[in-house]
$ cat run16.csv   # CSV, C-alpha atoms
chain,number,residue,atom,x,y,z
A,1,MET,CA,22.1,-13.9,9.9
A,2,ILE,CA,20.3,-10.8,11.3
A,3,THR,CA,22.5,-8.2,13.0
A,4,ARG,CA,22.0,-4.9,14.7
A,5,LYS,CA,23.3,-3.1,11.6
A,6,ILE,CA,20.9,-0.6,10.2
A,7,ASP,CA,21.0,-1.6,6.5
A,8,TRP,CA,18.3,0.6,5.0
A,9,LEU,CA,18.7,0.9,1.2
A,10,GLN,CA,17.3,3.6,-1.1
A,11,SER,CA,15.0,1.5,-3.3
A,12,ILE,CA,15.0,4.2,-6.0
A,13,ASP,CA,18.8,3.9,-6.4
A,14,GLY,CA,19.5,1.5,-9.2
A,15,ASN,CA,22.8,0.4,-7.5
A,16,ASN,CA,20.7,-1.4,-4.8
A,17,LYS,CA,18.5,-3.3,-7.3
A,18,LEU,CA,20.4,-6.6,-7.0
A,19,LYS,CA,20.2,-6.6,-3.2
A,20,LEU,CA,16.5,-5.7,-3.2
A,21,ASN,CA,15.7,-8.4,-5.8
A,22,ILE,CA,17.3,-10.9,-3.5
A,23,LEU,CA,15.2,-9.6,-0.6
A,24,GLU,CA,12.1,-9.8,-2.7
A,25,LYS,CA,12.8,-13.4,-3.5
A,26,GLN,CA,13.5,-14.2,0.1
A,27,LEU,CA,10.1,-12.7,1.1
A,28,ALA,CA,8.3,-14.5,-1.7
A,29,ASP,CA,9.8,-17.8,-0.5
A,30,PHE,CA,8.8,-16.9,3.1
A,31,TYR,CA,5.2,-16.3,2.2
A,32,ALA,CA,5.0,-19.4,0.0
A,33,SER,CA,6.3,-21.6,2.8
A,34,ASN,CA,4.2,-20.1,5.6
A,35,PRO,CA,0.7,-21.5,5.3
A,36,ASP,CA,-0.5,-19.7,8.4
A,37,TYR,CA,0.7,-16.2,7.3
A,38,TYR,CA,-2.7,-14.8,6.3
A,39,ALA,CA,-4.4,-16.3,9.3
A,40,ASN,CA,-1.8,-14.7,11.5
A,41,ILE,CA,-2.4,-11.2,10.1
A,42,ASP,CA,-6.2,-11.5,10.0
A,43,PHE,CA,-6.7,-9.9,13.4
A,44,THR,CA,-8.1,-6.6,12.0
A,45,SER,CA,-11.3,-8.0,10.6
A,46,THR,CA,-13.5,-6.0,13.0
A,47,ASN,CA,-11.7,-2.7,12.3
A,48,TRP,CA,-14.3,-2.2,9.5
A,49,ILE,CA,-17.1,-2.0,12.1
A,50,ASP,CA,-15.1,-0.4,14.9
A,51,ASP,CA,-16.0,3.3,15.3
A,52,SER,CA,-12.6,4.0,17.0
A,53,GLU,CA,-10.8,3.0,13.9
A,54,ALA,CA,-11.2,6.3,12.2
A,55,GLY,CA,-9.0,5.4,9.2
A,56,TYR,CA,-11.2,2.4,8.3
A,57,GLN,CA,-14.4,4.4,8.8
A,58,GLU,CA,-13.1,7.2,6.6
A,59,ILE,CA,-12.4,4.7,3.8
A,60,LEU,CA,-16.0,3.5,4.1
A,61,LYS,CA,-17.3,7.1,3.7
A,62,LEU,CA,-15.0,7.8,0.7
A,63,ILE,CA,-16.1,4.6,-1.1
A,64,SER,CA,-19.7,5.7,-1.1
A,65,GLY,CA,-20.5,7.0,-4.5
A,66,SER,CA,-17.8,5.0,-6.3
A,67,SER,CA,-18.8,2.6,-9.1
A,68,LYS,CA,-15.6,0.4,-9.2
A,69,ILE,CA,-13.3,0.0,-6.2
A,70,CYS,CA,-10.1,-2.0,-5.8
A,71,GLU,CA,-8.3,-3.1,-2.6
A,72,VAL,CA,-4.6,-3.7,-3.2
A,73,GLY,CA,-3.3,-6.5,-0.9
A,74,CYS,CA,-6.9,-7.5,0.1
A,75,GLY,CA,-6.1,-10.6,2.1
A,76,SER,CA,-9.4,-12.1,3.2
A,77,ALA,CA,-11.3,-9.0,2.0
A,78,ASN,CA,-12.8,-8.4,5.4
A,79,ILE,CA,-14.5,-5.2,4.3
A,80,LEU,CA,-16.9,-7.4,2.3
A,81,LYS,CA,-17.6,-9.6,5.4
A,82,HIS,CA,-19.1,-6.6,7.2
A,83,HIS,CA,-20.3,-4.4,4.3
A,84,ALA,CA,-22.0,-6.6,1.7
A,85,ARG,CA,-23.2,-3.6,-0.3
A,86,PHE,CA,-19.7,-3.1,-1.8
A,87,ARG,CA,-19.4,-6.7,-3.1
A,88,PRO,CA,-20.6,-6.0,-6.7
A,89,LEU,CA,-18.3,-3.0,-7.0
A,90,TYR,CA,-15.2,-4.7,-5.5
A,91,SER,CA,-12.0,-6.1,-6.9
A,92,GLY,CA,-9.2,-7.3,-4.8
A,93,CYS,CA,-5.7,-8.8,-5.3
A,94,ASP,CA,-3.1,-10.5,-3.2
A,95,PHE,CA,-0.2,-13.0,-3.4
A,96,SER,CA,-2.0,-16.1,-2.3
A,97,GLU,CA,-3.8,-17.8,-5.1
A,98,LYS,CA,-5.4,-20.2,-2.7
A,99,LEU,CA,-6.8,-17.3,-0.6
A,100,MET,CA,-8.1,-15.6,-3.8
A,101,GLN,CA,-9.9,-18.8,-4.8
A,102,HIS,CA,-11.4,-19.0,-1.3
A,103,ASN,CA,-12.5,-15.3,-1.5
A,104,ARG,CA,-14.2,-16.1,-4.8
A,105,LEU,CA,-16.3,-18.8,-3.2
A,106,LEU,CA,-17.3,-16.5,-0.3
A,107,TYR,CA,-18.0,-13.4,-2.4
A,108,PRO,CA,-18.9,-14.5,-5.9
A,109,GLU,CA,-20.2,-11.1,-6.8
A,110,ALA,CA,-16.7,-9.6,-6.3
A,111,ASN,CA,-13.6,-9.9,-8.5
A,112,PHE,CA,-10.4,-11.4,-7.1
A,113,LYS,CA,-7.0,-11.7,-8.9
A,114,PHE,CA,-3.7,-13.3,-7.9
A,115,ILE,CA,-0.6,-11.2,-8.0
A,116,ASN,CA,2.1,-13.3,-9.6
A,117,LYS,CA,4.7,-10.5,-10.0
A,118,PRO,CA,5.6,-8.3,-7.0
A,119,ASN,CA,4.7,-4.6,-7.3
A,120,THR,CA,2.8,-5.3,-10.5
A,121,LEU,CA,-1.0,-5.2,-10.2
A,122,PRO,CA,-3.1,-7.6,-12.4
A,123,PHE,CA,-5.6,-5.0,-13.6
A,124,ASP,CA,-5.8,-2.8,-16.7
A,125,ASP,CA,-5.0,0.9,-16.8
A,126,GLU,CA,-7.7,3.3,-15.5
A,127,SER,CA,-10.0,0.5,-14.3
A,128,PHE,CA,-11.2,2.0,-10.9
A,129,ASP,CA,-12.5,5.2,-9.5
A,130,PHE,CA,-11.4,4.3,-5.9
A,131,VAL,CA,-8.2,2.4,-5.0
A,132,PHE,CA,-7.2,1.7,-1.4
A,133,SER,CA,-4.5,-0.2,0.4
A,134,VAL,CA,-4.6,-1.0,4.2
A,135,PHE,CA,-1.3,-1.9,5.9
A,136,VAL,CA,0.3,-3.3,2.7
A,137,ILE,CA,2.8,-0.8,1.3
A,138,GLU,CA,5.2,-1.3,4.2
A,139,HIS,CA,5.8,-4.9,2.9
A,140,SER,CA,6.9,-3.7,-0.6
A,141,THR,CA,10.5,-3.8,-1.7
A,142,ASP,CA,9.8,-1.2,-4.3
A,143,PRO,CA,7.3,1.3,-2.8
A,144,SER,CA,7.6,3.9,-5.5
A,145,LYS,CA,6.6,1.3,-8.1
A,146,PHE,CA,3.8,0.2,-5.8
A,147,LEU,CA,2.4,3.7,-5.8
A,148,ASN,CA,2.9,4.0,-9.5
A,149,GLU,CA,0.9,0.8,-10.1
A,150,CYS,CA,-1.9,2.1,-7.8
A,151,SER,CA,-2.0,5.3,-9.8
A,152,ARG,CA,-1.9,3.4,-13.1
A,153,ILE,CA,-5.1,1.4,-12.4
A,154,LEU,CA,-7.0,4.5,-11.2
A,155,LYS,CA,-9.2,6.5,-13.5
A,156,PRO,CA,-8.5,10.2,-14.0
A,157,GLY,CA,-10.1,12.1,-11.2
A,158,GLY,CA,-10.3,9.0,-9.0
A,159,SER,CA,-9.1,8.7,-5.4
A,160,LEU,CA,-6.3,6.7,-3.8
A,161,VAL,CA,-6.0,6.0,-0.1
A,162,ILE,CA,-2.9,4.6,1.6
A,163,LEU,CA,-3.2,3.5,5.2
A,164,CYS,CA,0.1,2.2,6.8
A,165,PRO,CA,2.4,2.7,9.7
A,166,ASP,CA,4.6,5.8,9.9
A,167,PHE,CA,8.0,4.1,10.8
A,168,LEU,CA,10.4,6.9,9.9
A,169,GLY,CA,8.2,9.6,11.4
A,170,SER,CA,7.8,7.8,14.7
A,171,GLY,CA,11.4,6.7,15.0
A,172,HIS,CA,11.1,3.0,15.0
A,173,MET,CA,11.1,0.0,12.6
A,174,THR,CA,9.3,-3.2,13.5
A,175,SER,CA,11.6,-5.4,11.4
A,176,GLN,CA,14.9,-3.8,12.7
A,177,ARG,CA,16.9,-5.8,15.2
A,178,ALA,CA,17.3,-4.0,18.5
A,179,GLY,CA,19.9,-5.6,20.8
A,180,TRP,CA,21.5,-8.9,20.0
A,181,SER,CA,18.4,-11.1,20.1
A,182,GLN,CA,14.6,-11.0,19.8
A,183,GLY,CA,12.6,-9.4,22.6
A,184,THR,CA,12.2,-6.2,24.5
A,185,ALA,CA,14.6,-4.8,27.1
A,186,GLN,CA,12.2,-5.8,29.8
A,187,GLN,CA,11.9,-9.4,28.6
A,188,LYS,CA,15.6,-9.7,28.4
A,189,LEU,CA,16.1,-8.3,31.9
A,190,ARG,CA,13.7,-11.0,33.2
A,191,LYS,CA,15.8,-13.7,31.6
A,192,GLY,CA,19.0,-12.2,33.1
A,193,LYS,CA,20.3,-11.0,29.8
A,194,PHE,CA,21.5,-7.7,31.3
A,195,ALA,CA,24.0,-6.6,28.6
A,196,ASP,CA,21.5,-7.4,25.8
A,197,ALA,CA,18.8,-5.5,27.6
A,198,ILE,CA,21.0,-2.4,27.9
A,199,VAL,CA,21.9,-2.5,24.3
A,200,THR,CA,18.2,-3.1,23.3
A,201,LEU,CA,17.2,0.0,25.3
A,202,PHE,CA,19.9,2.1,23.7
A,203,ASP,CA,18.9,0.9,20.2
A,204,ASN,CA,15.2,1.6,20.8
A,205,ARG,CA,15.5,4.9,22.6
A,206,ILE,CA,18.6,6.5,21.0
A,207,ARG,CA,20.3,4.7,18.0
A,208,ILE,CA,17.3,3.9,15.8
A,209,PRO,CA,15.3,7.1,16.5
A,210,PHE,CA,18.5,9.1,15.7
A,211,ARG,CA,18.9,7.4,12.4
A,212,CYS,CA,15.2,7.9,11.6
A,213,ARG,CA,15.6,11.7,12.3
A,214,GLN,CA,18.6,11.8,10.0
A,215,PHE,CA,16.8,10.0,7.2
A,216,ALA,CA,13.6,11.9,7.7
A,217,LYS,CA,15.4,15.2,7.0
A,218,LYS,CA,16.6,13.9,3.7
A,219,ALA,CA,13.3,12.2,2.7
A,220,ALA,CA,11.5,15.5,3.3
A,221,ARG,CA,13.6,17.0,0.6
A,222,TYR,CA,13.6,14.2,-1.9
A,223,PRO,CA,12.1,10.6,-1.9
A,224,LEU,CA,14.4,7.9,-0.5
A,225,PHE,CA,11.9,5.0,-0.2
A,226,LEU,CA,14.2,3.2,2.3
A,227,VAL,CA,13.9,-0.6,2.5
A,228,ASN,CA,15.3,-2.6,5.4
A,229,ALA,CA,17.5,-5.2,3.7
A,230,LYS,CA,17.9,-7.2,7.0
A,231,PRO,CA,14.4,-7.7,8.4
A,232,VAL,CA,14.2,-10.0,11.4
A,233,VAL,CA,11.4,-12.1,9.9
A,234,PHE,CA,13.9,-14.6,8.6
A,235,ASP,CA,15.3,-15.3,12.0
A,236,ASP,CA,12.6,-14.7,14.5
A,237,PRO,CA,9.2,-16.4,15.2
A,238,PHE,CA,6.5,-14.6,13.2
A,239,SER,CA,4.7,-11.6,14.7
A,240,PRO,CA,2.8,-8.8,12.8
A,241,ASP,CA,5.1,-6.5,10.8
A,242,VAL,CA,8.4,-8.3,11.4
A,243,ASP,CA,8.2,-8.7,7.6
A,244,ALA,CA,7.6,-5.0,7.0
A,245,VAL,CA,10.5,-3.7,4.9
A,246,TYR,CA,9.6,-0.2,3.6
A,247,VAL,CA,10.6,2.3,6.2
A,248,THR,CA,7.4,4.3,5.6
A,249,TYR,CA,7.3,8.1,5.9
A,250,LYS,CA,4.2,10.3,5.5
A,251,ILE,CA,5.9,13.4,4.0
A,252,GLU,CA,7.7,11.2,1.5
A,253,ILE,CA,4.6,9.4,0.3
A,254,GLU,CA,2.6,12.7,0.1
A,255,LYS,CA,5.3,14.5,-1.8
A,256,TYR,CA,5.7,11.6,-4.3
A,257,LEU,CA,1.9,11.4,-4.9
A,258,SER,CA,1.5,15.2,-5.2
A,259,SER,CA,3.0,14.9,-8.7
A,260,LYS,CA,0.1,12.7,-9.7
A,261,PHE,CA,-2.8,13.8,-7.5
A,262,LYS,CA,-4.1,16.5,-5.4
A,263,VAL,CA,-3.2,15.4,-1.9
A,264,ASN,CA,-6.1,16.3,0.5
A,265,GLU,CA,-5.8,17.3,4.1
A,266,ASN,CA,-7.2,14.8,6.6
A,267,THR,CA,-10.1,15.6,8.8
A,268,SER,CA,-9.3,16.5,12.4
A,269,LEU,CA,-10.6,13.1,13.5
A,270,VAL,CA,-8.3,11.2,11.1
A,271,SER,CA,-5.4,13.4,12.0
A,272,SER,CA,-5.8,12.5,15.7
A,273,TYR,CA,-6.1,8.9,14.7
A,274,GLU,CA,-2.8,9.1,12.8
A,275,SER,CA,-1.1,10.8,15.8
A,276,GLU,CA,-2.4,8.3,18.4
A,277,ARG,CA,-1.7,5.2,16.4
A,278,ARG,CA,1.6,6.5,14.8
A,279,ILE,CA,0.2,5.7,11.3
A,280,ILE,CA,-0.3,7.3,8.0
A,281,PHE,CA,-3.6,8.0,6.3
A,282,CYS,CA,-2.9,9.5,2.9
A,283,LEU,CA,-5.6,10.6,0.4
$ encode --input "run16.csv" --output "structure tokens"
Amino acid sequence: MITRKIDWLQSIDGNNKLKLNILEKQLADFYASNPDYYANIDFTSTNWIDDSEAGYQEILKLISGSSKICEVGCGSANILKHHARFRPLYSGCDFSEKLMQHNRLLYPEANFKFINKPNTLPFDDESFDFVFSVFVIEHSTDPSKFLNECSRILKPGGSLVILCPDFLGSGHMTSQRAGWSQGTAQQKLRKGKFADAIVTLFDNRIRIPFRCRQFAKKAARYPLFLVNAKPVVFDDPFSPDVDAVYVTYKIEIEKYLSSKFKVNENTSLVSSYESERRIIFCL
């Protein structure tokens, strides 16, 4: 039963391991029983040819010159649909074995592998000189391990790019219940759910942003890698990111990666893109 309670657990705290393992199993069962999941999230295909999507375009620039590239959480590998030149260099992995088989038929020059263990990538150490992940890490129940795995498969001197929402930094969380039921305050008002609408407005404008600010201050000092233990995905009809569980934060990710890499400053174009879309582009 999903409630309004903000139950965000520090995934790096071993005391939360049992709860997070249960959540991981629940998510795995959800993905296994939802045959339309990958079709429902496959609405960003044209981002790879959309000049307004500065994050995607920056990844394309950065890939140039790489000899082996890997996309973690590749889905339908839409980058290959629009940029065939990368196919011989490309490896991708995801949780759907059926989708990976389909990708192999579409792009036989590329390499696709099935992830059979969450947060563990099916590639050898130091295999790639460019690794990227696009709107995937927010679905991880162990984001620090996710980043460690991305680092493990990267060659020394290689580059890692993480593109994802900035939930903590923007003061909202897509899988967090606001109010007593699904929907925006405006939608609830139209249905005559006045009390629920007021509570939803309070949650979205005050309660959740306040908690985000509290956590952000802590996460700026030391990594928390908060995970929402009560995502609405198990109660509500599916929509993009109701299954996101990691409460992402740019400063946290950059600080964590700075012990492994030199974290580069974004271009002004990408920085504007981040600000406008309330997302993170970390290189």
$ closest_residue --input "run16.csv" --among "A:Thr184, A:Thr248, A:Gln101, A:Asn21" --to "Phe135 of chain A" --atoms "only C-alpha atoms"
A:Thr248
$ residues_around --input "run16.csv" --residues "segment 50-56 of chain A" --least-positions-apart "5" --cutoff "10 Å" --atoms "all atoms listed in the file" --output "list in words"
Thr44, Ser45, Lys61, Ile79, Val134, Val161, Ile162, Leu163, Cys164, Asn266, Thr267, Leu269, Val270, Ser271, Ser272, Tyr273, Glu274, Arg277, Ile279, Ile280, Phe281 and Cys282 of chain A
$ residues_around --input "run16.csv" --residues "segment 84-98 of chain A" --least-positions-apart "5" --cutoff "9 Å" --atoms "all atoms listed in the file" --output "VMD selection string"
chain A and resid 28 31 to 32 38 63 to 64 66 to 75 77 79 103 107 to 118 121 to 122
$ residues_around --input "run16.csv" --residues "Asn228 of chain A" --least-positions-apart "2" --cutoff "9 Å" --atoms "all atoms listed in the file" --output "ChimeraX atom specification"
/A:6-9,141,173,175-176,226,230-231,244-247
$ closest_residue --input "run16.csv" --among "A:Gly192, A:Pro223, A:Gly65, A:Gly179" --to "Arg205 of chain A" --atoms "only C-alpha atoms"
A:Gly179
$ residues_around --input "run16.csv" --residues "segment 255-261 of chain A" --least-positions-apart "3" --cutoff "10 Å" --atoms "only C-alpha atoms" --output "number ranges by chain"
A: 144, 147-148, 151, 156-160, 219-223, 225, 250-252, 264, 282-283
$ build_atoms --input "run16.csv" --residues "segment 81-92 of chain A" --atoms "all heavy atoms" --output "PDB file, in the coordinates of the input"
ATOM      1  N   LYS A  81     -16.966  -8.757   4.341  1.00  0.00           N
ATOM      2  CA  LYS A  81     -17.600  -9.600   5.400  1.00  0.00           C
ATOM      3  C   LYS A  81     -18.620  -8.718   6.148  1.00  0.00           C
ATOM      4  O   LYS A  81     -19.703  -9.210   6.522  1.00  0.00           O
ATOM      5  CB  LYS A  81     -16.523 -10.080   6.340  1.00  0.00           C
ATOM      6  CG  LYS A  81     -17.034 -10.887   7.515  1.00  0.00           C
ATOM      7  CD  LYS A  81     -15.864 -11.363   8.371  1.00  0.00           C
ATOM      8  CE  LYS A  81     -16.342 -12.157   9.571  1.00  0.00           C
ATOM      9  NZ  LYS A  81     -15.201 -12.613  10.411  1.00  0.00           N
ATOM     10  N   HIS A  82     -18.290  -7.453   6.359  1.00  0.00           N
ATOM     11  CA  HIS A  82     -19.100  -6.600   7.200  1.00  0.00           C
ATOM     12  C   HIS A  82     -19.959  -5.583   6.373  1.00  0.00           C
ATOM     13  O   HIS A  82     -20.893  -4.983   6.922  1.00  0.00           O
ATOM     14  CB  HIS A  82     -18.254  -5.812   8.167  1.00  0.00           C
ATOM     15  CG  HIS A  82     -17.443  -6.687   9.068  1.00  0.00           C
ATOM     16  ND1 HIS A  82     -18.009  -7.446  10.065  1.00  0.00           N
ATOM     17  CD2 HIS A  82     -16.105  -6.944   9.107  1.00  0.00           C
ATOM     18  CE1 HIS A  82     -17.056  -8.121  10.700  1.00  0.00           C
ATOM     19  NE2 HIS A  82     -15.900  -7.837  10.139  1.00  0.00           N
ATOM     20  N   HIS A  83     -19.628  -5.394   5.095  1.00  0.00           N
ATOM     21  CA  HIS A  83     -20.300  -4.400   4.300  1.00  0.00           C
ATOM     22  C   HIS A  83     -20.633  -4.990   2.915  1.00  0.00           C
ATOM     23  O   HIS A  83     -19.973  -4.701   1.914  1.00  0.00           O
ATOM     24  CB  HIS A  83     -19.460  -3.124   4.153  1.00  0.00           C
ATOM     25  CG  HIS A  83     -19.093  -2.520   5.479  1.00  0.00           C
ATOM     26  ND1 HIS A  83     -19.971  -1.733   6.199  1.00  0.00           N
ATOM     27  CD2 HIS A  83     -17.957  -2.624   6.221  1.00  0.00           C
ATOM     28  CE1 HIS A  83     -19.380  -1.362   7.336  1.00  0.00           C
ATOM     29  NE2 HIS A  83     -18.171  -1.890   7.368  1.00  0.00           N
ATOM     30  N   ALA A  84     -21.659  -5.810   2.900  1.00  0.00           N
ATOM     31  CA  ALA A  84     -22.000  -6.600   1.700  1.00  0.00           C
ATOM     32  C   ALA A  84     -22.373  -5.714   0.522  1.00  0.00           C
ATOM     33  O   ALA A  84     -22.247  -6.141  -0.628  1.00  0.00           O
ATOM     34  CB  ALA A  84     -23.165  -7.535   2.033  1.00  0.00           C
ATOM     35  N   ARG A  85     -22.800  -4.484   0.768  1.00  0.00           N
ATOM     36  CA  ARG A  85     -23.200  -3.600  -0.300  1.00  0.00           C
ATOM     37  C   ARG A  85     -22.107  -3.310  -1.317  1.00  0.00           C
ATOM     38  O   ARG A  85     -22.365  -2.925  -2.464  1.00  0.00           O
ATOM     39  CB  ARG A  85     -23.800  -2.301   0.238  1.00  0.00           C
ATOM     40  CG  ARG A  85     -22.791  -1.424   0.944  1.00  0.00           C
ATOM     41  CD  ARG A  85     -23.483  -0.232   1.608  1.00  0.00           C
ATOM     42  NE  ARG A  85     -22.568   0.706   2.249  1.00  0.00           N
ATOM     43  CZ  ARG A  85     -22.042   0.550   3.455  1.00  0.00           C
ATOM     44  NH1 ARG A  85     -22.328  -0.555   4.152  1.00  0.00           N
ATOM     45  NH2 ARG A  85     -21.230   1.448   3.981  1.00  0.00           N
ATOM     46  N   PHE A  86     -20.842  -3.462  -0.879  1.00  0.00           N
ATOM     47  CA  PHE A  86     -19.700  -3.100  -1.800  1.00  0.00           C
ATOM     48  C   PHE A  86     -19.308  -4.316  -2.656  1.00  0.00           C
ATOM     49  O   PHE A  86     -18.473  -4.138  -3.555  1.00  0.00           O
ATOM     50  CB  PHE A  86     -18.505  -2.702  -0.936  1.00  0.00           C
ATOM     51  CG  PHE A  86     -18.712  -1.428  -0.167  1.00  0.00           C
ATOM     52  CD1 PHE A  86     -18.374  -1.363   1.179  1.00  0.00           C
ATOM     53  CD2 PHE A  86     -19.246  -0.308  -0.779  1.00  0.00           C
ATOM     54  CE1 PHE A  86     -18.560  -0.189   1.906  1.00  0.00           C
ATOM     55  CE2 PHE A  86     -19.445   0.872  -0.066  1.00  0.00           C
ATOM     56  CZ  PHE A  86     -19.096   0.933   1.278  1.00  0.00           C
ATOM     57  N   ARG A  87     -19.871  -5.490  -2.411  1.00  0.00           N
ATOM     58  CA  ARG A  87     -19.400  -6.700  -3.100  1.00  0.00           C
ATOM     59  C   ARG A  87     -19.479  -6.577  -4.645  1.00  0.00           C
ATOM     60  O   ARG A  87     -18.525  -6.940  -5.338  1.00  0.00           O
ATOM     61  CB  ARG A  87     -20.137  -7.922  -2.618  1.00  0.00           C
ATOM     62  CG  ARG A  87     -19.824  -8.261  -1.172  1.00  0.00           C
ATOM     63  CD  ARG A  87     -20.650  -9.427  -0.657  1.00  0.00           C
ATOM     64  NE  ARG A  87     -20.451  -9.623   0.791  1.00  0.00           N
ATOM     65  CZ  ARG A  87     -21.095 -10.503   1.520  1.00  0.00           C
ATOM     66  NH1 ARG A  87     -22.009 -11.299   0.945  1.00  0.00           N
ATOM     67  NH2 ARG A  87     -20.856 -10.609   2.822  1.00  0.00           N
ATOM     68  N   PRO A  88     -20.579  -6.087  -5.235  1.00  0.00           N
ATOM     69  CA  PRO A  88     -20.600  -6.000  -6.700  1.00  0.00           C
ATOM     70  C   PRO A  88     -19.663  -5.002  -7.310  1.00  0.00           C
ATOM     71  O   PRO A  88     -19.378  -5.070  -8.511  1.00  0.00           O
ATOM     72  CB  PRO A  88     -22.093  -5.588  -6.968  1.00  0.00           C
ATOM     73  CG  PRO A  88     -22.833  -5.895  -5.720  1.00  0.00           C
ATOM     74  CD  PRO A  88     -21.858  -5.705  -4.607  1.00  0.00           C
ATOM     75  N   LEU A  89     -19.171  -4.061  -6.507  1.00  0.00           N
ATOM     76  CA  LEU A  89     -18.300  -3.000  -7.000  1.00  0.00           C
ATOM     77  C   LEU A  89     -16.809  -3.356  -6.816  1.00  0.00           C
ATOM     78  O   LEU A  89     -15.936  -2.656  -7.340  1.00  0.00           O
ATOM     79  CB  LEU A  89     -18.533  -1.689  -6.243  1.00  0.00           C
ATOM     80  CG  LEU A  89     -19.956  -1.312  -5.872  1.00  0.00           C
ATOM     81  CD1 LEU A  89     -19.957  -0.042  -5.020  1.00  0.00           C
ATOM     82  CD2 LEU A  89     -20.787  -1.112  -7.121  1.00  0.00           C
ATOM     83  N   TYR A  90     -16.545  -4.425  -6.082  1.00  0.00           N
ATOM     84  CA  TYR A  90     -15.200  -4.700  -5.500  1.00  0.00           C
ATOM     85  C   TYR A  90     -14.336  -5.569  -6.330  1.00  0.00           C
ATOM     86  O   TYR A  90     -14.766  -6.600  -6.841  1.00  0.00           O
ATOM     87  CB  TYR A  90     -15.423  -5.280  -4.112  1.00  0.00           C
ATOM     88  CG  TYR A  90     -14.178  -5.600  -3.321  1.00  0.00           C
ATOM     89  CD1 TYR A  90     -13.685  -4.714  -2.371  1.00  0.00           C
ATOM     90  CD2 TYR A  90     -13.501  -6.808  -3.497  1.00  0.00           C
ATOM     91  CE1 TYR A  90     -12.562  -5.018  -1.617  1.00  0.00           C
ATOM     92  CE2 TYR A  90     -12.382  -7.127  -2.742  1.00  0.00           C
ATOM     93  CZ  TYR A  90     -11.910  -6.224  -1.807  1.00  0.00           C
ATOM     94  OH  TYR A  90     -10.806  -6.534  -1.076  1.00  0.00           O
ATOM     95  N   SER A  91     -13.058  -5.177  -6.434  1.00  0.00           N
ATOM     96  CA  SER A  91     -12.000  -6.100  -6.900  1.00  0.00           C
ATOM     97  C   SER A  91     -10.888  -6.070  -5.885  1.00  0.00           C
ATOM     98  O   SER A  91     -10.604  -5.042  -5.263  1.00  0.00           O
ATOM     99  CB  SER A  91     -11.434  -5.559  -8.255  1.00  0.00           C
ATOM    100  OG  SER A  91     -12.370  -5.691  -9.300  1.00  0.00           O
ATOM    101  N   GLY A  92     -10.262  -7.218  -5.702  1.00  0.00           N
ATOM    102  CA  GLY A  92      -9.200  -7.300  -4.800  1.00  0.00           C
ATOM    103  C   GLY A  92      -8.061  -8.196  -5.323  1.00  0.00           C
ATOM    104  O   GLY A  92      -8.303  -9.044  -6.193  1.00  0.00           O
TER     105      GLY A  92
END
